[in-house]
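Novice: Enclosed is the structure file my_file-v2.txt (compact mmCIF, C-alpha atoms).
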# COMPACT_ATOMS: atom_id res chain seq x y z
CA MET H 245 -6.69 -16.47 -12.09
CA SER H 246 -3.49 -18.18 -11.00
CA GLU H 247 -2.48 -15.10 -9.04
CA GLY H 248 -5.81 -15.19 -7.20
CA LEU H 249 -5.30 -18.84 -6.26
CA VAL H 250 -1.83 -18.13 -4.92
CA ALA H 251 -3.13 -15.15 -2.95
CA SER H 252 -5.84 -17.40 -1.46
CA PHE H 253 -3.21 -20.00 -0.64
CA ALA H 254 -1.18 -17.34 1.19
CA VAL H 255 -4.17 -16.28 3.28
CA ARG H 256 -4.90 -19.91 4.15
CA MET H 257 -1.33 -20.37 5.20
CA ASN H 258 -1.53 -17.20 7.28
CA VAL H 259 -4.31 -18.69 9.40
CA SER H 260 -2.94 -22.23 9.50
CA ARG H 261 -1.75 -23.71 12.76
CA GLY H 262 1.96 -23.93 13.51
CA SER H 263 5.05 -21.80 13.86
CA GLY H 264 6.31 -18.86 11.86
CA ASP H 265 9.59 -20.67 11.34
CA ALA H 266 7.76 -23.50 9.58
CA ARG H 267 6.00 -21.04 7.30
CA ASP H 268 9.31 -19.42 6.42
CA ALA H 269 10.85 -22.82 5.70
CA ILE H 270 7.93 -23.66 3.41
CA VAL H 271 8.39 -20.38 1.53
CA GLN H 272 12.10 -20.97 1.12
CA ARG H 273 11.52 -24.50 -0.18
CA ILE H 274 8.95 -23.24 -2.66
CA GLU H 275 11.26 -20.44 -3.78
CA ALA H 276 14.04 -22.98 -4.30
CA GLY H 277 11.74 -25.18 -6.38
CA ARG H 278 11.83 -28.02 -3.84
CA LEU H 279 8.16 -27.88 -2.84
CA THR H 280 5.18 -27.58 -5.15
CA LEU H 281 1.47 -27.03 -4.71
CA ALA H 282 1.00 -30.60 -5.92
CA ASP H 283 2.78 -31.91 -2.83
CA PRO H 284 0.04 -33.78 -0.91
CA THR H 285 1.56 -32.89 2.46
CA LEU H 286 1.48 -29.19 1.66
CA ARG H 287 -2.13 -29.47 0.65
CA LEU H 288 -2.97 -31.43 3.79
CA VAL H 289 -1.43 -29.02 6.27
CA VAL H 290 -2.16 -25.71 4.62
CA VAL H 291 -5.30 -26.08 2.54
CA ASP H 292 -7.06 -28.67 4.66
CA GLY H 293 -6.32 -27.02 7.98
CA GLY H 294 -3.39 -28.99 9.34
CA ASP H 295 -0.35 -27.80 11.24
CA VAL H 296 2.53 -26.38 9.19
CA ASP H 297 5.06 -27.82 11.63
CA GLU H 298 3.98 -31.31 10.53
CA LEU H 299 5.74 -30.75 7.22
CA PHE H 300 9.11 -31.07 8.92
CA MET C 98 0.23 18.27 13.96
CA TRP C 99 -3.07 16.45 13.34
CA ARG C 100 -4.66 19.40 11.58
CA GLY C 101 -1.66 19.77 9.28
CA LEU C 102 -1.69 16.10 8.33
CA LEU C 103 -5.45 16.07 7.91
CA SER C 104 -5.38 19.19 5.73
CA ARG C 105 -2.60 17.83 3.52
CA ALA C 106 -4.47 14.57 3.02
CA ALA C 107 -7.70 16.42 2.29
CA LEU C 108 -6.05 18.70 -0.29
CA LEU C 109 -4.63 15.65 -2.06
CA GLU C 110 -7.77 13.54 -1.76
CA VAL C 111 -9.97 15.96 -3.71
CA ARG C 112 -7.33 15.95 -6.46
CA ALA C 113 -7.01 12.18 -6.54
CA GLN C 114 -7.35 11.88 -10.30
CA HIS C 115 -4.42 14.24 -10.87
CA LEU C 116 -2.01 12.77 -8.34
CA GLY C 117 -0.37 10.44 -10.85
CA ALA C 118 0.69 13.31 -13.10
CA PHE C 119 1.62 15.43 -10.07
CA SER C 120 3.77 12.66 -8.57
CA SER C 121 5.66 12.20 -11.82
CA LEU C 122 6.78 15.84 -11.68
CA VAL C 123 7.90 16.01 -8.06
CA ASP C 124 11.51 15.02 -8.73
CA SER C 125 11.76 16.98 -11.97
CA GLY C 126 13.71 19.85 -10.43
CA SER C 127 11.13 22.28 -11.78
CA VAL C 128 10.90 25.59 -9.94
CA VAL C 129 7.16 25.67 -10.59
CA VAL C 130 6.67 22.22 -9.05
CA ARG C 131 8.75 23.32 -6.06
CA LYS C 132 6.45 26.32 -5.60
CA VAL C 133 3.37 24.09 -5.82
CA LEU C 134 4.80 21.79 -3.13
CA ASP C 135 5.83 24.73 -0.95
CA GLY C 136 2.29 26.03 -1.32
CA LEU C 137 0.93 22.67 -0.19
CA HIS C 138 3.17 22.81 2.87
CA LEU C 139 2.17 26.38 3.71
CA SER C 140 -1.53 25.74 3.12
CA ALA C 141 -1.66 22.59 5.23
CA ALA C 142 -0.30 24.58 8.16
CA SER C 143 -2.80 27.39 7.73
CA GLY C 144 -5.68 25.76 9.59
CA GLY C 145 -3.94 24.97 12.84
CA GLU C 146 -6.00 27.45 14.87
CA ALA C 147 -9.32 26.73 13.15
CA VAL C 148 -12.33 25.92 15.35
CA SER C 149 -12.89 22.55 13.69
CA ASP C 150 -11.25 20.05 11.35
CA ALA C 151 -13.69 21.00 8.61
CA LYS C 152 -12.79 24.69 8.97
CA ALA C 153 -9.09 23.83 8.91
CA ILE C 154 -9.53 21.92 5.64
CA ALA C 155 -11.54 24.79 4.14
CA LEU C 156 -8.85 27.29 5.11
CA ALA C 157 -6.13 25.06 3.67
CA GLU C 158 -8.06 24.67 0.42
CA HIS C 159 -8.52 28.43 0.10
CA CYS C 160 -4.84 29.00 0.80
CA TRP C 161 -3.63 26.38 -1.69
CA GLN C 162 -5.86 27.75 -4.43
CA ARG C 163 -4.17 31.10 -3.92
CA GLU C 164 -0.70 29.52 -3.86
CA LEU C 165 -1.43 27.46 -6.97
CA GLY C 166 -2.54 30.60 -8.75
CA ARG C 167 0.75 32.29 -7.90
CA ALA C 168 2.92 29.30 -8.77
CA LEU C 169 1.22 28.66 -12.10
CA ALA C 170 1.05 32.31 -13.16
CA THR C 171 4.35 31.85 -14.96
CA PRO C 172 3.78 32.48 -18.69
CA ARG C 173 6.29 29.87 -19.82
CA LEU C 174 5.06 26.61 -18.33
CA THR C 175 6.39 23.47 -19.95
CA ASN C 176 3.92 20.96 -21.39
CA HIS C 177 4.31 18.82 -18.29
CA GLU C 178 3.91 21.75 -15.92
CA THR C 179 0.62 22.74 -17.55
CA ASN C 180 -0.77 19.48 -16.15
CA LEU C 181 -0.51 21.10 -12.73
CA GLN C 182 -3.22 23.58 -13.72
CA ARG C 183 -5.71 20.75 -13.18
CA LEU C 184 -4.88 20.92 -9.48
CA SER C 185 -6.67 24.26 -9.35
CA ALA C 186 -9.85 22.82 -10.79
CA SER C 187 -10.55 20.52 -7.88
CA SER C 188 -13.98 20.10 -6.41
CA PRO C 189 -14.61 19.41 -2.72
CA ASN C 190 -17.46 17.10 -3.72
CA GLY C 191 -16.85 13.61 -2.39
CA ALA C 192 -14.25 14.77 0.11
CA SER C 193 -14.00 12.77 3.30
CA ALA C 194 -14.09 14.31 6.74
CA ASP C 195 -10.99 12.23 7.44
CA PRO C 196 -9.22 10.81 4.34
CA PHE C 197 -7.01 8.53 6.46
CA ALA C 198 -10.00 6.90 8.12
CA ALA C 199 -11.83 6.62 4.79
CA LEU C 200 -8.91 4.88 3.10
CA TYR C 201 -8.41 2.61 6.11
CA GLN C 202 -12.07 1.62 6.32
CA GLY C 203 -12.23 0.89 2.60
CA VAL C 204 -9.35 -1.55 2.90
CA VAL C 205 -10.61 -3.11 6.12
CA ASP C 206 -14.03 -3.75 4.60
CA ARG C 207 -12.35 -5.78 1.86
CA VAL C 208 -9.88 -7.64 4.06
CA VAL C 209 -12.70 -8.79 6.34
CA THR C 210 -14.07 -10.77 3.40
CA LEU C 211 -10.77 -12.70 3.25
CA TYR C 212 -10.65 -13.63 6.92
CA GLY C 213 -14.32 -13.77 7.93
CA GLY C 214 -14.82 -14.71 11.57
CA LEU C 215 -11.10 -14.61 12.30
CA TRP C 216 -11.06 -10.83 11.89
CA PRO C 217 -10.72 -9.12 15.31
CA ASP C 218 -13.49 -6.82 16.52
CA ASP C 219 -11.19 -4.59 18.55
CA LEU C 220 -8.95 -3.37 15.72
CA ARG C 221 -8.21 0.35 15.54
CA LEU C 222 -6.18 2.79 13.48
CA ASP C 223 -3.53 5.05 14.96
CA LEU C 224 -1.93 7.85 12.94
CA VAL C 225 1.68 8.41 14.01
CA PRO C 226 3.60 11.48 12.75
CA LEU C 227 7.29 10.78 12.16
CA GLU C 228 10.05 13.36 12.66
CA ASP C 229 11.94 12.08 9.62
CA HIS C 230 11.47 9.93 6.56
CA PRO C 231 11.11 6.30 7.70
CA ARG C 232 13.89 5.01 5.44
CA SER C 233 17.38 6.09 4.46
CA PRO C 234 18.14 6.96 1.75
CA ALA C 235 14.76 8.60 1.49
CA ASP C 236 12.44 7.42 -1.27
CA ALA C 237 9.31 9.05 -2.65
CA TYR C 238 7.11 7.47 0.00
CA ALA C 239 7.36 9.15 3.40
CA LEU C 240 5.32 6.59 5.29
CA SER C 241 5.40 3.19 6.85
CA GLY C 242 3.10 0.93 8.80
CA GLN C 243 3.14 -1.28 11.82
CA THR C 244 0.72 -3.64 13.51
CA THR C 245 0.94 -4.20 17.24
CA SER C 246 -1.01 -6.04 19.87
CA THR C 247 -2.01 -4.00 22.91
CA PRO C 248 -4.11 -4.83 25.98
CA LYS C 249 -6.99 -2.99 24.30
CA GLY C 250 -6.69 -4.88 21.02
CA VAL C 251 -4.76 -4.82 17.78
CA VAL C 252 -3.57 -1.44 16.50
CA VAL C 253 -2.68 -0.63 12.90
CA GLU C 254 -0.28 2.31 12.88
CA LEU C 255 0.08 4.53 9.84
CA GLN C 256 3.40 6.29 10.34
CA VAL C 257 3.77 9.42 8.20
CA HIS C 258 6.44 12.07 7.92
CA PRO C 259 4.14 15.09 7.53
CA ASP C 260 6.47 17.14 5.30
CA GLY C 261 6.69 14.18 2.93
CA LEU C 262 2.96 13.71 2.52
CA GLY C 263 2.79 14.55 -1.16
CA PRO C 264 1.10 12.84 -4.11
CA ALA C 265 3.22 9.66 -4.17
CA THR C 266 2.88 9.12 -0.44
CA PHE C 267 -0.87 9.67 -0.54
CA LEU C 268 -1.28 7.22 -3.42
CA VAL C 269 0.27 4.35 -1.46
CA ILE C 270 -1.63 4.83 1.81
CA PRO C 271 -4.08 2.05 0.79
CA VAL C 272 -1.08 -0.19 0.03
CA VAL C 273 0.26 0.26 3.55
CA PHE C 274 -3.16 -0.46 5.04
CA ALA C 275 -3.53 -3.55 2.84
CA HIS C 276 -0.10 -4.84 3.86
CA GLU C 277 -0.79 -4.41 7.56
CA CYS C 278 -4.31 -5.81 7.39
CA VAL C 279 -3.74 -8.73 5.00
CA CYS C 280 -0.36 -9.76 6.41
CA HIS C 281 -0.33 -8.97 10.11
CA VAL C 282 -3.68 -8.24 11.76
CA VAL C 283 -5.04 -11.77 12.10
CA PRO C 284 -1.75 -13.36 13.25
CA CYS C 285 -1.26 -10.47 15.68
CA ALA C 286 -4.78 -10.96 17.06
CA ALA C 287 -3.90 -14.64 17.55
CA GLY C 288 -0.91 -13.65 19.67
CA GLN C 289 1.84 -14.17 17.12
CA LEU C 290 4.73 -11.72 17.07
CA VAL C 291 5.34 -9.73 13.90
CA ASN C 292 8.69 -10.80 12.46
CA ASP C 293 10.25 -8.38 9.97
CA GLU C 294 12.69 -11.07 8.83
CA SER C 295 9.99 -13.51 7.79
CA ALA C 296 9.97 -14.41 4.11
CA PHE C 297 6.42 -15.59 4.65
CA ALA C 298 4.97 -12.57 6.49
CA GLU C 299 6.97 -9.87 4.67
CA GLY C 300 7.32 -11.65 1.35
CA LEU C 301 4.65 -14.13 0.31
CA MET C 302 1.95 -12.34 2.28
CA ASP C 303 3.10 -8.96 0.98
CA TRP C 304 2.74 -10.34 -2.54
CA ALA C 305 -0.79 -11.46 -1.67
CA SER C 306 -1.67 -8.08 -0.17
CA LEU C 307 -0.39 -6.35 -3.30
CA HIS C 308 -2.45 -8.66 -5.47
CA HIS C 309 -5.56 -7.84 -3.49
CA VAL C 310 -5.09 -4.09 -3.13
CA ARG C 311 -4.38 -3.69 -6.85
CA ARG C 312 -7.64 -5.54 -7.45
CA TRP C 313 -9.57 -3.44 -4.93
CA LEU C 314 -8.26 -0.01 -5.97
CA PRO C 315 -10.44 0.43 -9.10
CA GLN C 316 -13.51 -0.51 -7.08
CA LEU C 317 -12.74 1.62 -4.03
CA TRP C 318 -11.01 4.70 -5.44
CA PRO C 319 -11.40 4.73 -9.23
CA ALA C 320 -10.14 8.31 -9.57
CA MET C 321 -6.67 7.40 -8.37
CA ALA C 322 -6.62 3.67 -9.10
CA GLY C 323 -4.33 3.75 -12.13
CA ALA C 324 -1.63 5.83 -10.47
CA ALA C 325 -2.01 4.02 -7.15
CA ARG C 326 -1.63 0.61 -8.82
CA SER C 327 1.57 1.78 -10.49
CA HIS C 328 3.00 3.19 -7.28
CA ALA C 329 1.97 0.11 -5.28
CA LYS C 330 4.64 -2.13 -6.78
CA LEU C 331 7.31 0.58 -6.67
CA PHE C 332 6.56 1.24 -3.04
CA SER C 333 6.49 -2.40 -2.00
CA ALA C 334 9.91 -2.91 -3.57
CA VAL C 335 11.54 -0.03 -1.65
CA ALA C 336 9.65 -0.31 1.63
CA VAL C 337 11.72 -3.19 2.95
CA PRO C 338 12.03 -3.26 6.74
CA LYS C 339 15.20 -1.67 8.11
CA GLY C 340 18.28 -3.85 8.34
CA HIS C 341 17.48 -6.10 5.39
CA ARG C 342 19.39 -4.63 2.51
CA SER C 343 21.52 -7.71 1.82
CA TYR C 344 19.00 -10.50 2.38
CA SER C 345 15.49 -9.57 1.44
CA PRO C 346 12.70 -11.68 2.90
CA ARG C 347 10.42 -9.69 0.60
CA ILE C 348 12.19 -10.82 -2.55
CA VAL C 349 12.33 -14.46 -1.39
CA GLY C 350 8.61 -14.42 -0.62
CA TRP C 351 7.72 -12.71 -3.87
CA GLN C 352 9.76 -15.25 -5.82
CA ALA C 353 8.03 -18.10 -4.00
CA ALA C 354 4.67 -16.60 -4.95
CA GLU C 355 5.72 -16.29 -8.58
CA GLU C 356 6.97 -19.88 -8.50
CA LEU C 357 3.51 -21.00 -7.35
CA VAL C 358 1.86 -18.94 -10.07
CA SER C 359 4.10 -20.64 -12.61
CA GLN C 360 3.09 -24.04 -11.26
CA LEU C 361 -0.57 -23.15 -11.72
CA THR C 362 -0.12 -21.74 -15.20
CA PRO C 363 -0.36 -24.44 -17.87
CA PRO C 364 2.47 -24.49 -20.43
CA GLY C 365 1.69 -22.12 -23.26
CA ALA C 366 -1.00 -20.32 -21.28
CA TRP C 367 -0.98 -16.59 -20.96
CA ARG C 368 -0.74 -14.87 -17.61
CA SER C 369 -3.66 -12.65 -16.60
CA GLY C 370 -3.26 -9.15 -17.99
CA CYS C 371 -1.59 -10.56 -21.08
CA PRO C 372 -4.49 -11.04 -23.49
CA ARG C 373 -3.79 -13.29 -26.46
CA ALA C 374 -5.02 -10.97 -29.18
CA LEU C 375 -3.11 -7.90 -27.99
CA SER C 376 0.15 -9.36 -26.82
CA PRO C 377 3.37 -9.66 -28.76
CA PRO C 378 4.34 -13.13 -30.02
CA SER C 379 7.08 -13.39 -27.40
CA PRO C 380 7.97 -13.84 -24.58
CA CYS C 381 4.37 -14.72 -23.62
CA ALA C 382 3.98 -17.36 -26.33
Turn this file's structure into structure tokens for me.
Specialist:
Amino acid sequence: MSEGLVASFAVRMNVSRGSGDARDAIVQRIEAGRLTLADPTLRLVVVDGGDVDELF
Amino acid sequence: MWRGLLSRAALLEVRAQHLGAFSSLVDSGSVVVRKVLDGLHLSAASGGEAVSDAKAIALAEHCWQRELGRALATPRLTNHETNLQRLSASSPNGASADPFAALYQGVVDRVVTLYGGLWPDDLRLDLVPLEDHPRSPADAYALSGQTTSTPKGVVVELQVHPDGLGPATFLVIPVVFAHECVCHVVPCAAGQLVNDESAFAEGLMDWASLHHVRRWLPQLWPAMAGAARSHAKLFSAVAVPKGHRSYSPRIVGWQAAEELVSQLTPPGAWRSGCPRALSPPSPCA
């Protein structure tokens, strides 16, 4: 179940607006434990169709 | 070249349920296994002058049956080698006219459901024979993939070293298609360049493609699903783009995905595939 949600999140992020560099930076922050799914900005730009560059 | 590749794939496809056992023997050093593989090589080449693809496959099948009979005629087969006798009992029922296209279409049909209207209409498959194994040192999987944007649309390339198209390579063909289609097709259609160094595209998205293809395999190809699911993770770990042996965008992306899974998993909960009643008390508890 959790794996399916993360896979859906990845697909959403793949079609989100913004640069590849911003996506990589998001991944690196998540991997380092500095960005979580609970972060409202992440939800806004990735899940709700914003621009990933707006995170930075 | 095409007939040889097609025939190899066809010979393996009709033996899909035995490819897991076959693949586990390939590196055993067994003389019998070597003869079986040499027979596959010889048989795949036998239909080059045939009048049609179907005739070429039929000739290859006839030839490999003969070669299998010779290779397995040894009276002292080991217990493991006796598993190879199942390769002789194949049935052409359910064989595809083109196994590559069948595997590709099966994956595409599923990926379309993820992307809906964003999926490009002008996508096509291109089979590219390679002169050598795509990675060094060579692993068990003599194939790779690539997605490119051309004036005529997006192209998914399946790059295969023909001599290396054995059981392990065949089993991960859907994994390559899933990676290219889940990770790269839609961004490529939108004009984005594929970046092999991207922890997102080659890592997090690869993790997502693996999740999906492992879910789809039992539905699409039940005969080989178990073995293909096992090989999927092994392949994805070794098939890192060239030049990234020290820093792995794949590992970073995978770890980010696992971090997200951890965030979504309540403390004390069990991960999927780890049923409460059957699992040991630790470390899942």
Novice: Each residue of chain C with at least one atom at most 9 Å from chain H should appear once, together with its nearest atom pair and the corresponding distance in Å (one decimal); atoms considered: all atoms listed in the file; ordering: chain, then increasing residue number; output as CSV.
Specialist:
residue,atom,partner,partner_atom,distance
C:Leu211,CA,H:Val255,CA,7.5
C:Tyr212,CA,H:Val255,CA,7.9
C:Leu215,CA,H:Val259,CA,8.4
C:Val279,CA,H:Val255,CA,7.8
C:Cys280,CA,H:Asn258,CA,7.6
C:His281,CA,H:Asn258,CA,8.8
C:Val283,CA,H:Val259,CA,7.5
C:Pro284,CA,H:Val259,CA,7.1
C:Gln289,CA,H:Gly264,CA,8.3
C:Leu290,CA,H:Gly264,CA,9.0
C:Asn292,CA,H:Gly264,CA,8.4
C:Ser295,CA,H:Asp268,CA,6.1
C:Ala296,CA,H:Asp268,CA,5.6
C:Phe297,CA,H:Asp268,CA,5.1
C:Ala298,CA,H:Asn258,CA,8.0
C:Gly300,CA,H:Val271,CA,8.8
C:Leu301,CA,H:Ala254,CA,6.7
C:Met302,CA,H:Ala254,CA,6.0
C:Trp304,CA,H:Ala251,CA,7.6
C:Ala305,CA,H:Ala251,CA,4.6
C:Ser306,CA,H:Ala251,CA,7.7
C:His308,CA,H:Ala251,CA,7.0
C:His309,CA,H:Ala251,CA,7.7
C:Val349,CA,H:Glu275,CA,6.5
C:Gly350,CA,H:Val271,CA,6.3
C:Trp351,CA,H:Glu275,CA,8.5
C:Gln352,CA,H:Glu275,CA,5.8
C:Ala353,CA,H:Glu275,CA,4.0
C:Ala354,CA,H:Val250,CA,6.7
C:Glu355,CA,H:Glu247,CA,8.3
C:Glu356,CA,H:Glu275,CA,6.4
C:Leu357,CA,H:Val250,CA,6.5
C:Val358,CA,H:Ser246,CA,5.5
C:Ser359,CA,H:Ser246,CA,8.1
C:Gln360,CA,H:Thr280,CA,7.4
C:Leu361,CA,H:Ser246,CA,5.8
C:Thr362,CA,H:Ser246,CA,6.5
C:Arg368,CA,H:Ser246,CA,7.9
C:Ser369,CA,H:Met245,CA,6.6
Novice: Save out the residues we just selected, C-alpha atoms, as a CSV table (one decimal), in the frame of the given file.
Specialist:
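The resulting file, result_15.csv, is reproduced below:
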chain,number,residue,atom,x,y,z
C,211,LEU,CA,-10.8,-12.7,3.2
C,212,TYR,CA,-10.6,-13.6,6.9
C,215,LEU,CA,-11.1,-14.6,12.3
C,279,VAL,CA,-3.7,-8.7,5.0
C,280,CYS,CA,-0.4,-9.8,6.4
C,281,HIS,CA,-0.3,-9.0,10.1
C,283,VAL,CA,-5.0,-11.8,12.1
C,284,PRO,CA,-1.8,-13.4,13.2
C,289,GLN,CA,1.8,-14.2,17.1
C,290,LEU,CA,4.7,-11.7,17.1
C,292,ASN,CA,8.7,-10.8,12.5
C,295,SER,CA,10.0,-13.5,7.8
C,296,ALA,CA,10.0,-14.4,4.1
C,297,PHE,CA,6.4,-15.6,4.6
C,298,ALA,CA,5.0,-12.6,6.5
C,300,GLY,CA,7.3,-11.6,1.4
C,301,LEU,CA,4.6,-14.1,0.3
C,302,MET,CA,2.0,-12.3,2.3
C,304,TRP,CA,2.7,-10.3,-2.5
C,305,ALA,CA,-0.8,-11.5,-1.7
C,306,SER,CA,-1.7,-8.1,-0.2
C,308,HIS,CA,-2.4,-8.7,-5.5
C,309,HIS,CA,-5.6,-7.8,-3.5
C,349,VAL,CA,12.3,-14.5,-1.4
C,350,GLY,CA,8.6,-14.4,-0.6
C,351,TRP,CA,7.7,-12.7,-3.9
C,352,GLN,CA,9.8,-15.2,-5.8
C,353,ALA,CA,8.0,-18.1,-4.0
C,354,ALA,CA,4.7,-16.6,-5.0
C,355,GLU,CA,5.7,-16.3,-8.6
C,356,GLU,CA,7.0,-19.9,-8.5
C,357,LEU,CA,3.5,-21.0,-7.4
C,358,VAL,CA,1.9,-18.9,-10.1
C,359,SER,CA,4.1,-20.6,-12.6
C,360,GLN,CA,3.1,-24.0,-11.3
C,361,LEU,CA,-0.6,-23.2,-11.7
C,362,THR,CA,-0.1,-21.7,-15.2
C,368,ARG,CA,-0.7,-14.9,-17.6
C,369,SER,CA,-3.7,-12.6,-16.6
Novice: Using atom CA of Lys330 of chain C and atom CA of Leu262 of chain C as the two end points, give the distance in Å to one decimal.
Specialist: 18.4 Å
Novice: Enter the distance from atom CA of Gln202 of chain C to atom CA of Leu134 of chain C, in Å, rounded to one decimal.
Specialist: 27.9 Å
Novice: Please, what distance in Å, to one decimal, runs between atom CA of Tyr201 of chain C and atom CA of Leu122 of chain C?
Specialist: 26.9 Å
